[in-house]
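Asker: For reference, this is final30.txt, and it has compact mmCIF, C-alpha atoms and all ligand atoms.
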# COMPACT_ATOMS: atom_id res chain seq x y z
CA MET A 1 0.00 0.00 0.00
CA SER A 2 1.44 3.34 -1.00
CA GLU A 3 1.73 5.77 1.92
CA PRO A 4 -0.11 9.09 1.98
CA ASP A 5 2.18 12.03 1.46
CA ALA A 6 2.79 13.16 5.04
CA SER A 7 6.42 13.82 5.77
CA ARG A 8 6.06 13.97 9.56
CA PRO A 9 3.31 11.67 10.72
CA ASN A 10 1.75 12.55 14.08
CA GLY A 11 3.39 15.97 13.89
CA GLN A 12 6.63 14.47 15.21
CA SER A 13 9.83 16.06 14.02
CA VAL A 14 13.24 14.48 14.02
CA THR A 15 16.79 15.68 13.89
CA VAL A 16 19.14 13.76 11.67
CA GLU A 17 22.90 14.19 11.76
CA THR A 18 23.45 14.25 8.00
CA GLU A 19 27.15 13.50 8.53
CA LEU A 20 26.08 9.98 9.60
CA LEU A 21 24.19 9.34 6.37
CA LEU A 22 27.67 9.03 4.79
CA TRP A 23 26.84 9.20 1.05
CA TRP A 24 24.12 10.90 -1.01
CA GLU A 25 23.32 12.45 2.36
CA ASP A 26 21.21 15.29 0.97
CA TYR A 27 19.08 12.70 -0.80
CA TYR A 28 18.79 10.33 2.15
CA LEU A 29 17.92 13.13 4.59
CA PRO A 30 14.20 13.30 3.64
CA VAL A 31 14.08 9.50 3.68
CA PHE A 32 15.38 9.38 7.26
CA GLU A 33 13.09 12.27 8.25
CA TYR A 34 10.26 10.08 7.02
CA VAL A 35 11.28 6.76 8.62
CA LEU A 36 12.60 7.86 12.01
CA PRO A 37 9.20 9.08 13.32
CA LYS A 38 7.83 5.65 12.34
CA MET A 39 10.27 4.14 14.85
CA GLY A 40 9.09 6.39 17.68
CA ASP A 41 11.11 6.61 20.89
CA LEU A 42 14.14 4.38 20.40
CA GLN A 43 15.24 4.32 24.03
CA ASP A 44 16.18 0.70 24.86
CA LYS A 45 14.69 -0.61 21.62
CA LYS A 46 16.59 -3.47 19.95
CA VAL A 47 17.48 -2.75 16.34
CA LEU A 48 19.17 -4.97 13.77
CA GLU A 49 20.87 -3.16 10.90
CA LEU A 50 21.45 -5.30 7.82
CA GLY A 51 24.52 -4.46 5.73
CA THR A 52 25.68 -1.82 8.19
CA GLY A 53 28.77 -1.00 6.10
CA THR A 54 30.83 1.53 8.01
CA GLY A 55 28.13 1.96 10.63
CA GLY A 56 26.65 5.40 9.94
CA THR A 57 23.03 4.38 10.49
CA ALA A 58 23.93 2.15 13.46
CA THR A 59 25.65 5.14 15.11
CA LEU A 60 22.73 7.43 14.39
CA LEU A 61 20.25 5.00 15.97
CA ALA A 62 22.49 4.32 18.98
CA LYS A 63 22.72 8.07 19.59
CA LYS A 64 18.92 8.06 19.74
CA GLY A 65 18.99 5.47 22.54
CA ALA A 66 18.64 2.18 20.62
CA SER A 67 20.64 -0.93 21.30
CA VAL A 68 21.91 -1.86 17.84
CA VAL A 69 23.39 -4.93 16.18
CA GLY A 70 24.99 -4.17 12.82
CA ILE A 71 25.82 -7.04 10.48
CA ASP A 72 27.78 -7.09 7.25
CA LEU A 73 29.66 -9.54 5.03
CA LEU A 74 32.84 -7.44 4.87
CA PRO A 75 35.19 -7.49 7.90
CA PHE A 76 37.06 -4.30 6.89
CA ARG A 77 33.78 -2.36 6.79
CA LEU A 78 32.95 -3.61 10.28
CA ASP A 79 36.38 -2.46 11.51
CA GLU A 80 35.60 1.03 10.23
CA ALA A 81 32.13 0.83 11.81
CA ARG A 82 33.71 -0.04 15.19
CA ASP A 83 35.96 3.03 14.88
CA ARG A 84 32.95 5.18 14.07
CA VAL A 85 30.90 4.12 17.11
CA LYS A 86 33.96 4.60 19.31
CA HIS A 87 34.46 8.08 17.90
CA HIS A 88 30.81 8.93 18.66
CA ASP A 89 31.03 7.39 22.12
CA VAL A 90 28.28 4.81 21.59
CA SER A 91 30.38 1.61 21.53
CA ASP A 92 28.46 0.21 24.50
CA ALA A 93 25.18 0.44 22.57
CA VAL A 94 26.35 -1.25 19.35
CA ASP A 95 27.58 -4.73 18.48
CA PHE A 96 28.87 -5.67 15.06
CA SER A 97 28.86 -9.13 13.59
CA LEU A 98 30.03 -10.77 10.39
CA MET A 99 26.79 -12.28 9.14
CA ASP A 100 24.71 -12.83 6.04
CA ALA A 101 21.39 -10.97 5.99
CA THR A 102 19.77 -13.95 4.28
CA GLN A 103 20.76 -16.34 7.12
CA LEU A 104 20.44 -14.54 10.41
CA ALA A 105 21.93 -16.27 13.45
CA PHE A 106 19.39 -14.79 15.88
CA PRO A 107 16.46 -16.51 17.57
CA ASP A 108 12.89 -15.75 16.50
CA ASN A 109 11.24 -12.61 17.94
CA THR A 110 14.47 -10.82 18.97
CA PHE A 111 14.29 -7.27 17.56
CA ASP A 112 11.87 -4.34 17.72
CA PHE A 113 13.15 -3.09 14.36
CA VAL A 114 15.20 -4.28 11.43
CA ILE A 115 16.60 -1.55 9.19
CA SER A 116 18.60 -1.43 5.98
CA LYS A 117 19.89 1.18 3.58
CA SER A 118 20.86 -0.05 0.10
CA VAL A 119 21.31 -3.67 1.13
CA LEU A 120 18.33 -5.76 0.04
CA VAL A 121 19.31 -5.00 -3.56
CA PHE A 122 22.31 -7.29 -2.97
CA THR A 123 20.11 -10.18 -1.83
CA GLU A 124 17.12 -12.26 -2.85
CA HIS A 125 14.35 -10.05 -1.45
CA ALA A 126 12.01 -12.87 -0.45
CA GLN A 127 14.63 -14.81 1.50
CA THR A 128 15.87 -11.73 3.37
CA ALA A 129 12.31 -10.60 4.09
CA GLN A 130 11.45 -14.01 5.58
CA GLU A 131 14.47 -13.87 7.87
CA CYS A 132 13.62 -10.31 8.96
CA TYR A 133 10.05 -11.34 9.77
CA ARG A 134 11.33 -14.27 11.80
CA VAL A 135 13.70 -12.22 14.00
CA LEU A 136 11.23 -9.36 14.55
CA LYS A 137 9.20 -9.33 17.73
CA PRO A 138 5.40 -9.30 17.27
CA GLY A 139 4.45 -5.69 16.54
CA GLY A 140 7.94 -5.02 15.13
CA LYS A 141 8.78 -3.29 11.86
CA ALA A 142 11.35 -3.85 9.14
CA ILE A 143 12.35 -0.62 7.43
CA PHE A 144 14.10 -0.95 4.12
CA MET A 145 15.49 2.14 2.37
CA GLU A 146 16.28 0.73 -1.02
CA ASN A 147 17.13 1.75 -4.56
CA MET A 148 14.54 1.51 -7.28
CA ARG A 149 15.01 0.18 -10.79
CA HIS A 150 13.22 2.49 -13.19
CA HIS A 151 14.46 6.07 -12.70
CA PRO A 152 15.53 6.81 -16.29
CA VAL A 153 18.68 8.81 -15.45
CA VAL A 154 19.80 6.49 -12.67
CA TRP A 155 19.12 3.53 -14.96
CA LEU A 156 21.36 5.06 -17.66
CA TYR A 157 24.09 5.90 -15.15
CA ARG A 158 24.11 2.31 -13.86
CA LYS A 159 24.17 0.93 -17.39
CA LEU A 160 27.14 3.12 -18.37
CA PHE A 161 29.23 3.25 -15.21
CA LEU A 162 28.23 0.53 -12.74
CA LYS A 163 28.99 -2.80 -14.38
CA TYR A 164 28.13 -4.75 -11.21
CA SER A 165 24.69 -3.15 -11.11
CA GLN A 166 23.44 -5.76 -13.59
CA GLU A 167 23.66 -8.32 -10.81
CA LEU A 168 21.73 -6.28 -8.27
CA HIS A 169 18.02 -6.66 -7.51
CA TYR A 170 16.79 -3.07 -7.70
CA PHE A 171 13.18 -2.67 -6.64
CA SER A 172 10.20 -2.12 -8.90
CA LEU A 173 6.86 -1.20 -7.31
CA THR A 174 5.79 -4.80 -7.92
CA ASP A 175 8.84 -6.09 -6.01
CA ILE A 176 7.98 -3.75 -3.12
CA GLU A 177 4.42 -4.92 -2.99
CA ALA A 178 5.57 -8.56 -3.17
CA LEU A 179 7.13 -8.12 0.28
CA ASP A 180 3.66 -8.54 1.73
CA VAL A 181 4.04 -12.28 1.16
CA ALA A 182 6.51 -12.30 4.08
CA PHE A 183 4.95 -9.51 6.19
CA ASP A 184 1.49 -8.76 7.54
CA LYS A 185 1.35 -5.25 6.06
CA VAL A 186 3.62 -3.19 3.81
CA ASN A 187 3.62 0.59 3.31
CA HIS A 188 6.04 2.47 1.14
CA ARG A 189 6.88 5.96 0.04
CA GLU A 190 9.02 6.97 -2.90
CA PHE A 191 11.57 9.80 -3.11
CA HIS A 192 13.45 11.71 -5.81
CA PHE A 193 12.17 11.94 -9.32
CA LEU A 194 13.17 15.34 -10.75
CA SER A 195 15.31 16.28 -7.73
CA ILE A 196 18.16 14.19 -9.13
CA ALA A 197 18.68 16.97 -11.69
CA SER A 198 20.28 19.12 -8.95
CA LEU A 199 23.29 16.86 -9.07
CA PHE A 200 24.29 18.79 -12.19
CA TRP A 201 25.30 21.63 -9.85
CA LYS A 202 27.27 19.28 -7.64
CA ARG A 203 28.94 16.88 -10.06
CA VAL A 204 29.14 18.68 -13.43
CA ILE A 205 29.41 22.40 -12.65
CA PRO A 206 29.85 22.57 -8.86
CA ILE A 207 28.06 25.68 -7.61
CA ARG A 208 26.97 25.04 -4.06
CA PHE A 209 24.14 27.53 -3.73
CA LEU A 210 22.57 26.45 -7.05
CA TYR A 211 22.82 22.82 -5.95
CA LYS A 212 21.19 23.49 -2.58
CA TRP A 213 18.53 25.79 -4.00
CA SER A 214 17.58 23.54 -6.93
CA LEU A 215 17.43 20.48 -4.66
CA GLN A 216 15.01 22.22 -2.28
CA PHE A 217 12.92 23.48 -5.16
CA LEU A 218 12.79 20.16 -7.03
CA LYS A 219 11.94 18.23 -3.86
CA VAL A 220 8.82 20.37 -3.53
CA ILE A 221 7.96 19.88 -7.21
CA ASP A 222 8.46 16.11 -6.80
CA LYS A 223 6.06 16.01 -3.87
CA MET A 224 3.40 17.75 -5.92
CA LEU A 225 3.98 15.62 -9.01
CA LEU A 226 3.87 12.35 -7.07
CA ARG A 227 0.67 13.40 -5.37
CA LEU A 228 -0.98 14.41 -8.65
CA PHE A 229 0.41 11.58 -10.78
CA PRO A 230 1.02 8.57 -8.51
CA PHE A 231 2.12 6.41 -11.45
CA LEU A 232 5.37 8.45 -11.42
CA LYS A 233 6.37 6.71 -8.18
CA ARG A 234 7.73 3.82 -10.21
CA PHE A 235 10.29 6.24 -11.72
CA CYS A 236 11.69 7.43 -8.39
CA TRP A 237 15.17 6.63 -7.13
CA ILE A 238 14.65 5.57 -3.50
CA SER A 239 11.82 3.86 -1.70
CA ALA A 240 11.29 3.72 2.07
CA ILE A 241 9.48 0.47 2.70
CA ILE A 242 7.88 -0.14 6.10
CA CYS A 243 6.98 -3.78 6.70
CA HIS A 244 4.88 -4.75 9.73
CA LYS A 245 4.71 -7.90 11.80
CA LYS A 246 1.40 -7.98 13.60
CA VAL A 247 1.16 -8.10 17.38
C1 LIG A 301 25.81 -0.07 -0.55
S1 LIG A 301 26.50 -0.64 0.96
C2 LIG A 301 25.51 0.22 2.16
C3 LIG A 301 26.19 0.28 3.49
C4 LIG A 301 25.39 0.99 4.60
N1 LIG A 301 24.06 0.40 4.74
C5 LIG A 301 25.27 2.46 4.31
O1 LIG A 301 24.19 2.90 3.92
O2 LIG A 301 26.28 3.17 4.46
C6 LIG A 301 25.87 -2.28 1.06
C7 LIG A 301 26.41 -3.06 2.24
O3 LIG A 301 25.67 -4.28 2.35
C8 LIG A 301 26.58 -5.33 2.63
N2 LIG A 301 25.94 -6.58 2.19
C9 LIG A 301 25.67 -6.98 0.93
N3 LIG A 301 25.07 -8.18 0.94
C10 LIG A 301 24.94 -8.53 2.24
C11 LIG A 301 24.40 -9.68 2.90
N4 LIG A 301 23.87 -10.68 2.21
N5 LIG A 301 24.45 -9.72 4.24
C12 LIG A 301 24.98 -8.70 4.95
N6 LIG A 301 25.51 -7.59 4.38
C13 LIG A 301 25.49 -7.51 3.04
C14 LIG A 301 27.82 -4.95 1.85
O4 LIG A 301 28.96 -5.60 2.35
C15 LIG A 301 27.86 -3.43 2.07
O5 LIG A 301 28.58 -3.08 3.22
Can the structure from this file be put into structure tokens for me?

Answerer:
Amino acid sequence: MSEPDASRPNGQSVTVETELLLWWEDYYLPVFEYVLPKMGDLQDKKVLELGTGTGGTATLLAKKGASVVGIDLLPFRLDEARDRVKHHDVSDAVDFSLMDATQLAFPDNTFDFVISKSVLVFTEHAQTAQECYRVLKPGGKAIFMENMRHHPVVWLYRKLFLKYSQELHYFSLTDIEALDVAFDKVNHREFHFLSIASLFWKRVIPIRFLYKWSLQFLKVIDKMLLRLFPFLKRFCWISAIICHKKV
């Protein structure tokens, strides 16, 4: 089910340390501003982060009071992640483990939340989703921030410059909705259709104020376009997918 266009449900607002979003941070900021209120108060909540990489999201969640386990397949990324949590003084709240997201070594009903950012695209969605459902406590949520397949410019960029992208499982809207086979309910919201054009002022002719201004402007235009023409959601770049396990 596609989510209504409300960026801060329940009037809650969140602060996000963009530095911890690590890459494409200006583009992930609205995604985090959307998903964090869905997690509510994180104090003492148990969160599993799939594909934690160098631990930016794990650190962000630990700083909000969560007890986090970050898993990844690459030991050198986990070493960097350990340095990051130490630097931010949240080592006690975060554990890292070398583990495959498709075969989780945790008992059933362990976590309040599972979260991922650009990770399910590396896995078979159905298998990972089943594992996430299993380790979630009743009433828990899996939150996947994942890359979509059909944005025309991103598609061309991947085709030309990212050879490995052919092996990845980018999401279509149908793939997103198929997650409801594993979960009891799935909501999703899509981000960035025209706003990608601002990257011209960052990557081609770097002019900071034009980049910032055009990004703000195009984000507003995107919101309007997606509300008026929902079929355009399939051409967005990122989807925030909220999957529920019922109580
Ligand atoms: C694009 S990076 C994203 C890293 C991090 N989530 C972030 O946003 O900075 C994808 C990460 O997922 C990890 N990964 C890929 N497949 C995985 C799997 N099956 N199990 C666990 N981690 C995986 C990779 O090693 C990599 O660190």

Asker: Can you pull out every residue within 12 Å of Gln166 (chain A), counting only C-alpha atoms, but drop anything in the same chain fewer than 6 positions away, and send it as a count of residues only?

Answerer: 9

Asker: Check which residues of chain A sit at most 8 Å from ligand LIG 301 (chain A) using only C-alpha atoms and all ligand atoms, and return one row each with the closest pair of atoms and their distance in Å to one decimal, ordered by chain and rising number, as a tab-separated table.

Answerer:
residue	atom	partner	partner_atom	distance
A:Leu21	CA	A:LIG301	O2	6.8
A:Leu22	CA	A:LIG301	O2	6.0
A:Trp23	CA	A:LIG301	O2	7.0
A:Glu49	CA	A:LIG301	N1	7.8
A:Leu50	CA	A:LIG301	C12	5.7
A:Gly51	CA	A:LIG301	N6	3.5
A:Thr52	CA	A:LIG301	N1	4.4
A:Gly53	CA	A:LIG301	O5	3.6
A:Thr54	CA	A:LIG301	O2	6.0
A:Gly55	CA	A:LIG301	O2	6.6
A:Gly56	CA	A:LIG301	O2	5.9
A:Thr57	CA	A:LIG301	O1	6.8
A:Ile71	CA	A:LIG301	C12	5.8
A:Asp72	CA	A:LIG301	N6	3.7
A:Leu73	CA	A:LIG301	N6	4.6
A:Leu74	CA	A:LIG301	O4	5.0
A:Arg77	CA	A:LIG301	O5	6.3
A:Leu98	CA	A:LIG301	C12	7.7
A:Met99	CA	A:LIG301	C12	5.8
A:Asp100	CA	A:LIG301	N5	3.6
A:Ala101	CA	A:LIG301	N5	3.7
A:Thr102	CA	A:LIG301	N4	5.6
A:Ser116	CA	A:LIG301	N1	5.9
A:Lys117	CA	A:LIG301	N1	4.4
A:Ser118	CA	A:LIG301	C1	5.0
A:Val119	CA	A:LIG301	O3	4.6
A:Leu120	CA	A:LIG301	N3	7.2
A:Val121	CA	A:LIG301	N3	8.0
A:Phe122	CA	A:LIG301	N3	4.9
A:Thr123	CA	A:LIG301	N4	5.5

Asker: I want to know what sits within 12 Å of Arg134 (chain A), based on all atoms listed in the file, with residues of the same chain fewer than 4 positions away left out; could you give that as a PyMOL selection string?

Answerer: chain A and resi 102-114+127-130+138-142+182-183+244-246

Asker: For CA of Ala178 (chain A) and CA of Trp237 (chain A), quote the distance in Å rounded to one decimal.

Answerer: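 Going from CA of Ala178 (chain A) over to CA of Trp237 (chain A), I get 18.4 Å.
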
Asker: Would you mind listing what lies within 7 Å of region 187-200 of chain A as a short mmCIF file (atom, residue, chain, number, x, y, z; two decimals) with C-alpha atoms, in the frame of the given file, with all atoms listed in the file counted and same-chain residues fewer than 4 positions away left out?

Answerer:
data_model
loop_
_atom_site.label_atom_id
_atom_site.label_comp_id
_atom_site.auth_asym_id
_atom_site.auth_seq_id
_atom_site.Cartn_x
_atom_site.Cartn_y
_atom_site.Cartn_z
CA MET A 1 0.00 0.00 0.00
CA SER A 2 1.44 3.34 -1.00
CA GLU A 3 1.73 5.77 1.92
CA VAL A 204 29.14 18.68 -13.43
CA ILE A 205 29.41 22.40 -12.65
CA TYR A 211 22.82 22.82 -5.95
CA SER A 214 17.58 23.54 -6.93
CA LEU A 215 17.43 20.48 -4.66
CA LEU A 218 12.79 20.16 -7.03
CA LYS A 219 11.94 18.23 -3.86
CA ASP A 222 8.46 16.11 -6.80
CA LYS A 233 6.37 6.71 -8.18
CA PHE A 235 10.29 6.24 -11.72
CA CYS A 236 11.69 7.43 -8.39
CA TRP A 237 15.17 6.63 -7.13
CA ILE A 238 14.65 5.57 -3.50
CA SER A 239 11.82 3.86 -1.70
CA ALA A 240 11.29 3.72 2.07
CA ILE A 241 9.48 0.47 2.70
CA ILE A 242 7.88 -0.14 6.10
CA CYS A 243 6.98 -3.78 6.70
#

Asker: Could you jot down the CA of Leu60 (chain A) to CA of Tyr27 (chain A) separation for me, Å, one decimal place?

Answerer: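 These atoms are spaced 16.5 Å apart.
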
Asker: Go through A:Lys45, A:Arg82, A:His125, A:Lys163 and flag the residue nearest Glu146 (chain A), using all atoms listed in the file for the distances.

Answerer: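 Selected residue with least distance to Glu146 (chain A): A:His125.
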
Asker: Between A:Leu48, A:Val16, A:Ala62, A:Val247, which residue has the minimum interatomic distance to Asp92 (chain A), considering only C-alpha atoms?

Answerer: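 Among A:Leu48, A:Val16, A:Ala62, A:Val247, it is A:Ala62 that comes nearest to Asp92 (chain A).
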
Asker: Find the distance between CA of Glu80 (chain A) and CA of Phe171 (chain A) and write it in Å to one decimal.

Answerer: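 CA of Phe171 (chain A) lies 28.3 Å from CA of Glu80 (chain A).
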
Asker: Using all atoms listed in the file, can you tell me which of A:Ala81, A:Val181, A:Ile221, A:Val68 comes closest to Ala93 (chain A)?

Answerer: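 Nearest to Ala93 (chain A): A:Val68.
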
Asker: I need the residue nearest Asp175 (chain A) from this list: A:Leu136, A:Ile143, A:Ala126, A:Val47. Use only C-alpha atoms for the distance.

Answerer: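 Nearest candidate to Asp175 (chain A) out of A:Leu136, A:Ile143, A:Ala126, A:Val47: A:Ala126.
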
Asker: Which residue, A:Tyr133, A:Phe76, A:Phe96, A:Trp213, has the smallest gap to Trp201 (chain A) when you use only C-alpha atoms?

Answerer: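 The closest residue to Trp201 (chain A) is A:Trp213.
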